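First the structure, in the form of structure tokens, and then the observations on it.
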Amino acid sequence: MNPHYINQGMAAHNQGYGGGPPQGYGGMPPSGTLPMGQRPPVSQGQSMYNGQPGAGPYGQPPLKQDLPHQLYGGGLHMQNGPQQGMASGPHGDRSMSPRIQQRPPQPSMGQFQRGPVPLGPQGPAPGQITNQMGSMNLGGIPQGLGMPQTSMGHPTTMGNQYTGQQNTQQGRLQNPPTSMGMQGPSGGTPTSMGMLGPPTLQGIPGQSPQRMTAPGPPAVSTQGPPMVGSQPSIYGVPTSSPNYSMGGPPTSMMQGTPITAMAGPPPMPGQPPHLQHPPMAQNVTTTGPMMSVGNYSQMDNMPPTSMSNQYGAPPLSPPGVGPTPSTPPFANQPNVGGSMHNRPQMGMQPTMQSQPRRLDPDQMPSPIQVIQDDKKSRSGVFQTAQRGSVPPLVTTPFVTQDQGNCNPRFMRATMYNIPCTADLLKQSHIPMALSITPFAQLQANEHPPPLVNLGELGPVRCNRCKAYMCPFMEFVDGGRRFQCVFCSCSTEVPAEYFAHLDHTGKRVDCYDRPELCLGSYEIVGTKDYCKDGILPKPPAFIFMIDVSYNSVKSGLVHLLCERLKSDILVNLPKETGAEESEIRVGFVTYSNVIHFYNVKGALAQPQMLVVSDVQDMFVPLLDGFLVKLSESEAVIDSLLAQIPQMFGDTRETETILGPVVQAGLEALKAADCAGKLYIFHSSLPIADAPGKLRNRDDRKLLGTEKEKTILTPQNNFYTKLGQECVVAGCSVDLFLFPNSYIDVATVSEVCKVTGGQVYKYNYFQADLDGHRFLEDLKSNVERPVAFDAIMRVRTSTGIRPVDFWGNFYMSNTTDVELASVDSDKSVAVEIKHDDKLSEQDGAYIQAAVLFTSISGQRRLRIHNLALNCCTQLPDVFRNCELDILVNALCKKALQDVLSIPPKEVREKLMNTCAQILACYRKNCASPSSAGQLILPECMKLLPLYTNCIIKSDAVQGASDTSTDDRSYLMHLLNAMDVSTTNVFFYPRLMALHNVEVESTTVPPMIRCSVEKLQDSGVYLLENGLSMFMWIGMNVSSDWVHSVFGVQSAAQIDIDKSQLLDLDNLLSHRIRNIVKKIREERRRYMKLTIVRQRDKLEPWFHHFLVEDKGANGTASYVDFLCHIHKEIRSLLS
């Protein structure tokens, strides 16, 4: 036992990469806590805030506990070294890290080779955070090196793997280990590694040097249960040399389980029957592929998914190298025991040739496993008292208890431990970014930010940097002054805001004032925060309906007028506790002229005023155009009944759009209020008017260097118009119903600049798509929204915001201007250094939004976040959040798509991924073979998500993605928050054919691969915008009859997007699953039914992101191989 390794491991354990369930956020969660939008392509083309009663309405300060926390949660796993019962070799990291390169056999595997073996570097790297457990020598120096053999007996201290190897001269096998998360012969529980812990990618064990065999499945490192799914190697050739390639037995450098088989081929010739496939392990967690052959191993020497692929063909075995023995014994396997030497000599001729085998995707890092592990360990209450606490994943149900840092739903960071210097940040290659959703929707049992009204005093601010009062400010001089944490300036406390300090230096009224104890709160603004010093009026919504031929023919006009009042206007947003909404409404119709309507409550019938001079737009009336619903209900009913009749026989096909936006803008200006325009538009605006567009669609340009010419706006008319709208606080939401090209890239600019949204319904038919459209409109209208908003992000000295991504307007370098902002809008911010930071002081961020509420009140919403600082890269990698990194990378890529060739965009993403992982490999992992792939725990899915970004239709459209669809997705993605991008890039796939009818939960996710689909199964796939139900050819007729009411899958009407309401348990269960998923998403997802081998199946397969794409994009396994090759290139 080497105490040096033990101490290091336990030190790392205390830093948050091991041990029991997380307790670093204020204790264990209490028990019982709450835990594309378009049709697929058509052939033609408040009393308690801290949870403790006592001192004031916001509770007592929490007890600060410096307890370990984990990125992906608990279980009984280790990250950094052996625990008790773990033997370690004396030769440093050579015995501490799994390998994928061919190496001499190590004594821990019972494999001895006579002759000298070079020893590796001494000792582990400082700050090591890779898993070292599964690769340790037992009993010191190998026996074959001239040292006397130590007493080893039945080893029980190996990695999470079986260690037996058949002795080809004595026919004896070694016992499997029991101390690293594998059950021993007695079936006992794991004692060191823990099968419940999350996976850790530490490297891929490999082959012995100077020999090559055709590689097999990946040997992978795990911290979980045994891996399954790979194919067995040839076994039992006495004359073969011991070879430890990917299909071979685990070596002492290997962490992970043996490569066993699940539904694999029959035993290879010469393989004993007792070495056939073990049963499938539960909760399989795996890591990366093994890609090295000898000292010149390359990623392109491996067959990632097939015999020949874009990364090269597998190597053949050179003369003198035998097949790969494979020994995956059961725990109760016979012939166990014996000595661990007398291996056959190298160089003997093989009697059989090993066959190349494909890598098993199941052995790659799994997002499903990461999500499940985090749910198990991080669900419950998340307390924000501790600076730099990494929150649970966005997929984990949790309740936030605000104790000074804001709810992570409002603001998350790529890293919660910031490098102290710019050089260290640059070395890591991880962008320091924030994802801010200032009005994010909270859980039902979470408190919204409380409203503070300081009267004429207004918000208390720092004199120098203008930061607002927050829990981080330090009061000095007996409470008469406060020192700003952002700029260190000392500011005098206003007399009416003064309070004495207690013996700890805190104000005695600390827990009576939200701004002194909470991370998020709202403050009522004074006249100084209003335009021209005048308090604002309540905002207005203007509904502008296209009544041209296409809109009338599709049924849009009739549907909208029939349902607008009864389903939409009754849901106008209102302040909490208010009886009715203060928002006023107005109505406009248009084709190539514009019709305004006077709906004043005193009128018996509505009046129509027509403006035909669209070149110089003006508003013909003011009084009676914008009204409260309750005051003009009867007149509005009459108007909506008459519109379909007035335009039912129209033959006007040409439409305008620019003057329509101008009309709404002028109406809001005349009423002197902020508001939103809802425009329902059907075709390319080709009528002679401002904003006229030409058809420039050329799908052949997509994917070429010229694609940016059709993905950028035709002209700047709509961009300038949007900027005028922002100044007036006018936001624009576009609902598009095109049957052909409508130039989304250009018309969406007015939405992008004003903070609005685009909805798109291709080939709209009221009977098929009407329900989805109305649900989207209802959701848009009734959600909380703020108007005429300005956001500024302030940071403490040493860092500053430098770049912003999202749908908004910036007239300067600091202020993000949004005509409206709602719960779905997110802004990404990149932060960079302008000075050194201090580990002791940390870093602080404050995002303040000045806005007009739906009742017309000027307010500030403020979110605060405190982060740690560090001087070591391992600390950075230990406290990163991958989902925020992916969100920032995709928005950066969208910016690049419009300026550089698509090939460069893809290469930039791949280089970022490779550089981050190479930095970790070089600076945080133990010295080891270049052929070893080592991934940090919190970023083991980075290659997967990077590949998903590259494959997405927004960044690299599929061959059947239209130009408009591409622009539409780019617009949506630009404003997506983290939870939405998470499911957008890796869709949720689940089986429906085997659901428990009595259950009420959503079925578990399965991996997005066609290999997971059974002919007899039914599967549901959703990505937040689209939903598919895939039905296999051999699905049970009883299932089909229970859900669809027909006898076979061939009789299902796939044009219907609604499931039948049948009176049986299964039908009820399936409909509830679909309903629950839709409720989780921002937009109503149309259900598209896809039968196996139907014409729509390729479109469904397009969303199976782990497979090779139809447009030539790499599969997950291929991409991981390529990234490994890039990492090796960077390291060399």
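Naming scheme: A, B, ... for chains in displayed order of the structure tokens; residues 1 onward per chain; ligands 1 onward as shown.
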
Self-check item: 10 Å contact set for Leu865 in chain A, only C-alpha atoms, chain neighbours under 5 positions out, as a count of residues only
Solution: 21

Exercise. Might you pull out every residue within 12 Å of Glu881 in chain A, with only C-alpha atoms counted and same-chain residues fewer than 4 positions away left off, and present them as a PyMOL selection string?
Key: chain A and resi 70-72+388-394+408+412-417+430-435+876-877+885-888+936-942+978

Residue selection dump (C-alpha atoms) as a JSON list (two decimals), in the first residue's frame:
```json
[["chain", "number", "residue", "atom", "x", "y", "z"],
["A", 70, "GLN", "CA", -19.99, 17.12, -7.24],
["A", 71, "LEU", "CA", -20.69, 18.02, -10.79],
["A", 72, "TYR", "CA", -22.58, 14.94, -11.63],
["A", 388, "GLY", "CA", -19.17, 29.22, -6.74],
["A", 389, "SER", "CA", -21.63, 26.35, -6.16],
["A", 390, "VAL", "CA", -22.18, 24.38, -9.37],
["A", 391, "PRO", "CA", -25.97, 23.92, -9.76],
["A", 392, "PRO", "CA", -27.72, 20.70, -10.82],
["A", 393, "LEU", "CA", -28.08, 20.02, -14.53],
["A", 394, "VAL", "CA", -30.93, 21.69, -16.40],
["A", 408, "PRO", "CA", -29.61, 29.18, -11.74],
["A", 412, "ARG", "CA", -25.72, 30.10, -15.29],
["A", 413, "ALA", "CA", -22.00, 30.15, -16.12],
["A", 414, "THR", "CA", -19.70, 27.91, -18.13],
["A", 415, "MET", "CA", -17.34, 27.86, -15.15],
["A", 416, "TYR", "CA", -17.88, 28.51, -11.45],
["A", 417, "ASN", "CA", -14.15, 28.69, -10.69],
["A", 430, "ILE", "CA", -12.93, 27.22, -22.43],
["A", 431, "PRO", "CA", -14.93, 30.37, -23.14],
["A", 432, "MET", "CA", -15.95, 32.14, -19.94],
["A", 433, "ALA", "CA", -19.61, 32.79, -20.71],
["A", 434, "LEU", "CA", -22.96, 33.37, -19.02],
["A", 435, "SER", "CA", -26.44, 32.36, -20.10],
["A", 876, "VAL", "CA", -11.31, 25.08, -13.60],
["A", 877, "PHE", "CA", -12.20, 21.73, -15.15],
["A", 885, "LEU", "CA", -20.63, 25.76, -22.84],
["A", 886, "VAL", "CA", -22.65, 24.05, -25.59],
["A", 887, "ASN", "CA", -25.17, 26.91, -25.58],
["A", 888, "ALA", "CA", -22.35, 29.47, -25.96],
["A", 936, "PRO", "CA", -12.64, 15.30, -17.83],
["A", 937, "GLU", "CA", -15.67, 14.12, -15.87],
["A", 938, "CYS", "CA", -17.70, 17.27, -16.44],
["A", 939, "MET", "CA", -16.89, 17.37, -20.17],
["A", 940, "LYS", "CA", -16.92, 13.76, -21.22],
["A", 941, "LEU", "CA", -19.93, 14.52, -23.44],
["A", 942, "LEU", "CA", -18.26, 17.49, -25.15],
["A", 978, "VAL", "CA", -29.86, 26.26, -21.89]]
```

Exercise. Excluding range 541-546 of chain A and residues on its chain fewer than 5 positions from it, collect all residues at most 6 Å away from it, counting only C-alpha atoms, and give them as a ChimeraX atom specification.
Key: /A:585-591,675-681

Quiz prompt | Using only C-alpha atoms: which of A:Leu359, A:Cys924, A:Cys913, A:Cys462 has the shortest distance to Gln483 in chain A | solution = A:Cys462

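Using only C-alpha atoms, the residues found no farther than 10 Å from Asn982 in chain A, other than those of its own chain fewer than 4 positions away, are Val394, Thr395, Leu882, Asp883, Ile884, Val886, Asn887, Tyr945, Met976, Asp977, Val978, Tyr986, Pro987, Arg988, Asn1023 and Gly1024 of chain A.
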
Store the residues of this selection in a file with N, CA and C atoms, as a short mmCIF file (atom, residue, chain, number, x, y, z; two decimals), in the first residue's frame.
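After the write, out16.cif holds the following:
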```cif
data_model
loop_
_atom_site.label_atom_id
_atom_site.label_comp_id
_atom_site.auth_asym_id
_atom_site.auth_seq_id
_atom_site.Cartn_x
_atom_site.Cartn_y
_atom_site.Cartn_z
N VAL A 394 -29.63 21.14 -16.01
CA VAL A 394 -30.93 21.69 -16.40
C VAL A 394 -31.98 20.60 -16.54
N THR A 395 -31.56 19.35 -16.70
CA THR A 395 -32.49 18.24 -16.83
C THR A 395 -32.92 17.68 -15.48
N LEU A 882 -21.19 21.88 -18.70
CA LEU A 882 -21.12 21.62 -20.13
C LEU A 882 -22.30 22.21 -20.89
N ASP A 883 -23.50 22.15 -20.34
CA ASP A 883 -24.67 22.62 -21.07
C ASP A 883 -24.57 24.10 -21.43
N ILE A 884 -23.97 24.91 -20.53
CA ILE A 884 -23.80 26.33 -20.82
C ILE A 884 -22.73 26.51 -21.89
N VAL A 886 -22.04 24.42 -24.31
CA VAL A 886 -22.65 24.05 -25.59
C VAL A 886 -23.53 25.19 -26.10
N ASN A 887 -24.31 25.79 -25.20
CA ASN A 887 -25.17 26.91 -25.58
C ASN A 887 -24.35 28.07 -26.14
N TYR A 945 -21.75 16.46 -27.98
CA TYR A 945 -22.52 17.67 -28.22
C TYR A 945 -21.90 18.54 -29.32
N MET A 976 -32.32 30.80 -27.71
CA MET A 976 -32.68 29.66 -26.86
C MET A 976 -31.94 29.70 -25.53
N ASP A 977 -32.65 29.29 -24.47
CA ASP A 977 -31.98 29.14 -23.19
C ASP A 977 -31.33 27.76 -23.12
N VAL A 978 -30.68 27.48 -21.99
CA VAL A 978 -29.86 26.26 -21.89
C VAL A 978 -30.71 24.99 -21.92
N TYR A 986 -29.61 17.11 -28.50
CA TYR A 986 -29.69 15.67 -28.26
C TYR A 986 -31.14 15.35 -27.92
N PRO A 987 -31.93 14.99 -28.95
CA PRO A 987 -33.37 14.76 -28.75
C PRO A 987 -33.65 13.65 -27.75
N ARG A 988 -34.83 13.70 -27.19
CA ARG A 988 -35.26 12.69 -26.23
C ARG A 988 -36.00 11.59 -26.99
N ASN A 1023 -37.61 17.02 -29.80
CA ASN A 1023 -36.44 17.89 -29.60
C ASN A 1023 -36.85 19.32 -29.22
N GLY A 1024 -38.06 19.49 -28.71
CA GLY A 1024 -38.52 20.81 -28.32
C GLY A 1024 -39.25 21.56 -29.41
#
```

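Picture a line from CA of Gln723 in chain A to CA of Ala689 in chain A; it runs 19.4 Å.
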
Could you pull the residues within 10 Å of Lys922 in chain A, counting only C-alpha atoms, minus those fewer than 5 positions along the same chain, as an mmCIF file with N, CA, C and O atoms, in the first residue's frame?
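The result, written out as selection16.cif:
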```
data_model
loop_
_atom_site.group_PDB
_atom_site.id
_atom_site.type_symbol
_atom_site.label_atom_id
_atom_site.label_comp_id
_atom_site.auth_asym_id
_atom_site.auth_seq_id
_atom_site.Cartn_x
_atom_site.Cartn_y
_atom_site.Cartn_z
ATOM 1 N N ALA A 125 0.442 13.435 -11.681
ATOM 2 C CA ALA A 125 0.565 14.869 -11.910
ATOM 3 C C ALA A 125 -0.132 15.636 -10.810
ATOM 4 O O ALA A 125 -1.102 15.184 -10.265
ATOM 5 N N LEU A 917 -10.002 19.535 -24.650
ATOM 6 C CA LEU A 917 -9.672 18.201 -24.137
ATOM 7 C C LEU A 917 -8.165 17.963 -24.114
ATOM 8 O O LEU A 917 -7.651 17.283 -23.230
ATOM 9 N N PRO A 927 0.873 11.875 -16.455
ATOM 10 C CA PRO A 927 1.669 11.562 -17.645
ATOM 11 C C PRO A 927 1.367 10.139 -18.108
ATOM 12 O O PRO A 927 1.375 9.214 -17.307
ATOM 13 N N SER A 928 1.060 10.011 -19.369
ATOM 14 C CA SER A 928 0.691 8.688 -19.876
ATOM 15 C C SER A 928 0.902 8.660 -21.367
ATOM 16 O O SER A 928 1.244 9.652 -22.002
ATOM 17 N N ALA A 930 0.585 8.664 -25.313
ATOM 18 C CA ALA A 930 -0.148 9.571 -26.207
ATOM 19 C C ALA A 930 -1.355 8.876 -26.827
ATOM 20 O O ALA A 930 -2.268 9.528 -27.313
ATOM 21 N N ILE A 934 -8.119 10.668 -22.581
ATOM 22 C CA ILE A 934 -8.550 11.015 -21.234
ATOM 23 C C ILE A 934 -9.499 12.199 -21.328
ATOM 24 O O ILE A 934 -9.165 13.214 -21.922
ATOM 25 N N ILE A 1127 -6.516 15.544 -30.833
ATOM 26 C CA ILE A 1127 -5.864 15.761 -29.534
ATOM 27 C C ILE A 1127 -4.416 15.288 -29.595
ATOM 28 O O ILE A 1127 -3.491 15.977 -29.139
ATOM 29 N N LEU A 1130 -2.341 17.738 -31.456
ATOM 30 C CA LEU A 1130 -2.037 18.925 -30.655
ATOM 31 C C LEU A 1130 -0.964 18.642 -29.613
ATOM 32 O O LEU A 1130 -0.081 19.478 -29.364
ATOM 33 N N LEU A 1131 -1.021 17.465 -29.003
ATOM 34 C CA LEU A 1131 -0.058 17.119 -27.958
ATOM 35 C C LEU A 1131 1.331 16.856 -28.519
ATOM 36 O O LEU A 1131 2.325 17.018 -27.821
#
```

Quiz item: Can you list, as number ranges by chain, every protein, DNA or RNA residue that comes within 6 Å of range 809-821 of chain A when you count only C-alpha atoms, leaving out same-chain residues fewer than 5 positions away?
Solution: A: 726, 729-731, 753-755, 785-792

Exercise. Check the DSSP output for the backbone and give back, as a PyMOL selection string, the residues of range 757-963 of chain A in strand (DSSP E or B).
Key: chain A and resi 758-760+785-795+799-805+809+815-822+827-833+843-852+858-870+880

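Minimum atom-to-atom distance to Val897 in chain A, evaluated using only C-alpha atoms, belongs to A:Thr704 out of A:Ser1067, A:Ser377, A:Thr704, A:Asn807.
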
Practice problem: Just the residues within 8 Å of Val557 in chain A, please, counting only C-alpha atoms, with nothing from its chain fewer than 2 positions along; format it as a list in words. | Solution: Ile545, Asp546, Val547, Ser551, Val552, Gly555, Leu559, Leu560, Cys561, Ile643 and Pro644 of chain A

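Reported to one decimal place, the separation of CA of Glu1106 in chain A from CA of Cys919 in chain A is 25.4 Å.
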
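Distance-wise, CA of Ser1009 in chain A and CA of Arg1128 in chain A end up 27.9 Å apart.
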
Quiz item: Which parts of range 557-689 of chain A does DSSP call helix (DSSP H, G or I) when run on the backbone here, written out as number ranges by chain?
Solution: A: 557-571, 629-631, 633-646, 658-671
